[in-house]
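Let me begin by presenting the structure, written as structure tokens, before commenting on it.
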Amino acid sequence: MALKVLIVEDDSNIAQLLQLYLEKEGFETQVADDGSKGLNLFHEGNPDLVLLDIMLPGLDGWTVCKKIRETSKVPIIMMTAKGETVDKVNGLEMGADDYIVKPFEMKEVLARIHAVLRRYGSKETAEKKLTFDKLVINMDSYELLVDGKRVDTPPKEMELLFHLASSPNRVFTRNQLLDEVWGFDYFGDSRTVDVHIKRLREKLEGVSPKWGLKTVWGVGYKFELET
């Protein structure tokens, strides 16, 4: 059964080019030329991946991404003519899985689509629930239980915590976390990791003496587990 890709792009030439190449690769496609239509098609069509332009009429790509993330963890690749660091950080913050700057080569787009789908598939088959003292990280339901209570946690915070806790006491650099959690081929400002760690600490600080999110100064972060 063909995988479905939703293309949300207001430039008809780019949208048609993407549609042509993707269908040639065996994907089913749907196209929306503004953010609101994109959201409607997303809810109607249940795509396997979304290619999402940032500069859209009506709802912009960041807003669309945020609304999708409220109900779904479907892979999202953001597209934009802008290449500034702030756009990449915004894409990361909103929960995107990858980022492509226009103009792009179609071979690059296809390679990124396949890479994101591979990562997504491997996440689907891996162990999805971790349990520690007064802490349960359940990625099947994207639920975080802290001292028996469900704590509302955005998808990327969940994925970051799960990734760190899956390898207790291992130190990850910020760039490793950007690459392994967000999947971006990303160089530059890594403050988004610090922001997510800060928010997680606010939820987890002081819950148990047996584990904690620790900063390793000059290196990165780890989920420290008492041994």
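By order of appearance in the structure tokens: chains A, B, ..., then residues from 1 within every chain, and ligands from 1 in the order shown.
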
Listing only residues of stretch 111-205 of chain A within 12 Å of stretch 92-100 of chain A, what is the closest atom pair and its distance in Å (to one decimal) for each, using only C-alpha atoms, sorted by chain and residue number ascending, as a Markdown table?
```
| residue | atom | partner | partner_atom | distance |
| --- | --- | --- | --- | --- |
| A:Ala111 | CA | A:Ile100 | CA | 11.2 |
| A:Arg112 | CA | A:Asp98 | CA | 7.6 |
| A:Ile113 | CA | A:Asp98 | CA | 8.8 |
| A:His114 | CA | A:Asp98 | CA | 11.4 |
| A:Ala115 | CA | A:Asp98 | CA | 9.6 |
| A:Val116 | CA | A:Asp97 | CA | 7.0 |
| A:Leu117 | CA | A:Asp97 | CA | 9.9 |
| A:Arg118 | CA | A:Asp97 | CA | 11.9 |
| A:Arg119 | CA | A:Asp97 | CA | 9.6 |
| A:Tyr120 | CA | A:Asp97 | CA | 9.4 |
| A:Pro154 | CA | A:Gly95 | CA | 8.5 |
| A:Pro155 | CA | A:Gly95 | CA | 6.9 |
| A:Lys156 | CA | A:Gly95 | CA | 5.8 |
| A:Glu157 | CA | A:Gly95 | CA | 9.2 |
| A:Met158 | CA | A:Gly95 | CA | 10.8 |
| A:Glu159 | CA | A:Gly95 | CA | 10.0 |
| A:Leu160 | CA | A:Gly95 | CA | 11.2 |
| A:Leu177 | CA | A:Leu92 | CA | 11.6 |
| A:Leu178 | CA | A:Leu92 | CA | 8.6 |
| A:Asp179 | CA | A:Asp98 | CA | 9.7 |
| A:Glu180 | CA | A:Asp97 | CA | 10.3 |
| A:Val181 | CA | A:Asp97 | CA | 8.5 |
| A:Trp182 | CA | A:Asp97 | CA | 5.4 |
| A:Gly183 | CA | A:Asp97 | CA | 5.8 |
| A:Phe184 | CA | A:Asp98 | CA | 5.1 |
| A:Asp185 | CA | A:Asp98 | CA | 7.7 |
| A:Tyr186 | CA | A:Tyr99 | CA | 8.8 |
| A:Phe187 | CA | A:Tyr99 | CA | 12.0 |
| A:Asp189 | CA | A:Leu92 | CA | 11.2 |
| A:Ser190 | CA | A:Leu92 | CA | 10.2 |
| A:Arg191 | CA | A:Glu93 | CA | 10.4 |
| A:Thr192 | CA | A:Glu93 | CA | 6.8 |
| A:Val193 | CA | A:Glu93 | CA | 9.2 |
| A:Asp194 | CA | A:Glu93 | CA | 11.3 |
| A:Val195 | CA | A:Glu93 | CA | 9.0 |
| A:His196 | CA | A:Glu93 | CA | 8.5 |
```

Among stretch 26-205 of chain A, which residues does DSSP mark as alpha helix (DSSP H) when it is run on the backbone? Keep the chain and numbering as in the structure and answer as a ChimeraX atom specification. /A:35-45,61-69,85-94,106-125,155-166,174-177,191-204

Just the residues within 8 Å of stretch 46-51 of chain A, please, counting only C-alpha atoms, with nothing from its chain fewer than 4 positions along; format it as number ranges by chain. A: 3-8, 41-42, 74-79, 117

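Residues surrounding stretch 198-209 of chain A within 8 Å are Asp133, Lys134, Val146, Asp147, Val151, Glu157, Leu161, Asp194, Val195, Gly212 and Leu213 of chain A [only C-alpha atoms; sequence separation below 3 positions excluded].
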
d(atom CA of A:Lys67, atom CA of A:Ser166) in Å: 27.9 Å

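The closest residue to A:Pro57, picked from A:Val31, A:Asp10, A:Leu17, A:Tyr142 and counting only C-alpha atoms, is A:Asp10.
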
Considering only C-alpha atoms, return as JSON, numbers by chain whatever protein or nucleic-acid residues lie within 7 Å of A:Gly220, sequence-local ones (same chain, fewer than 2 positions apart) excluded. {"A": [171, 172, 173, 174, 215, 216, 217, 218]}

Atom CA of A:Val219 to atom CA of A:Pro168: how many Å, to one decimal?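 Calculated distance between atom CA of A:Val219 and atom CA of A:Pro168 is 15.9 Å.
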
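Rounded to one decimal, atom CA of A:Lys129 and atom CA of A:Trp211 lie 16.4 Å from each other.
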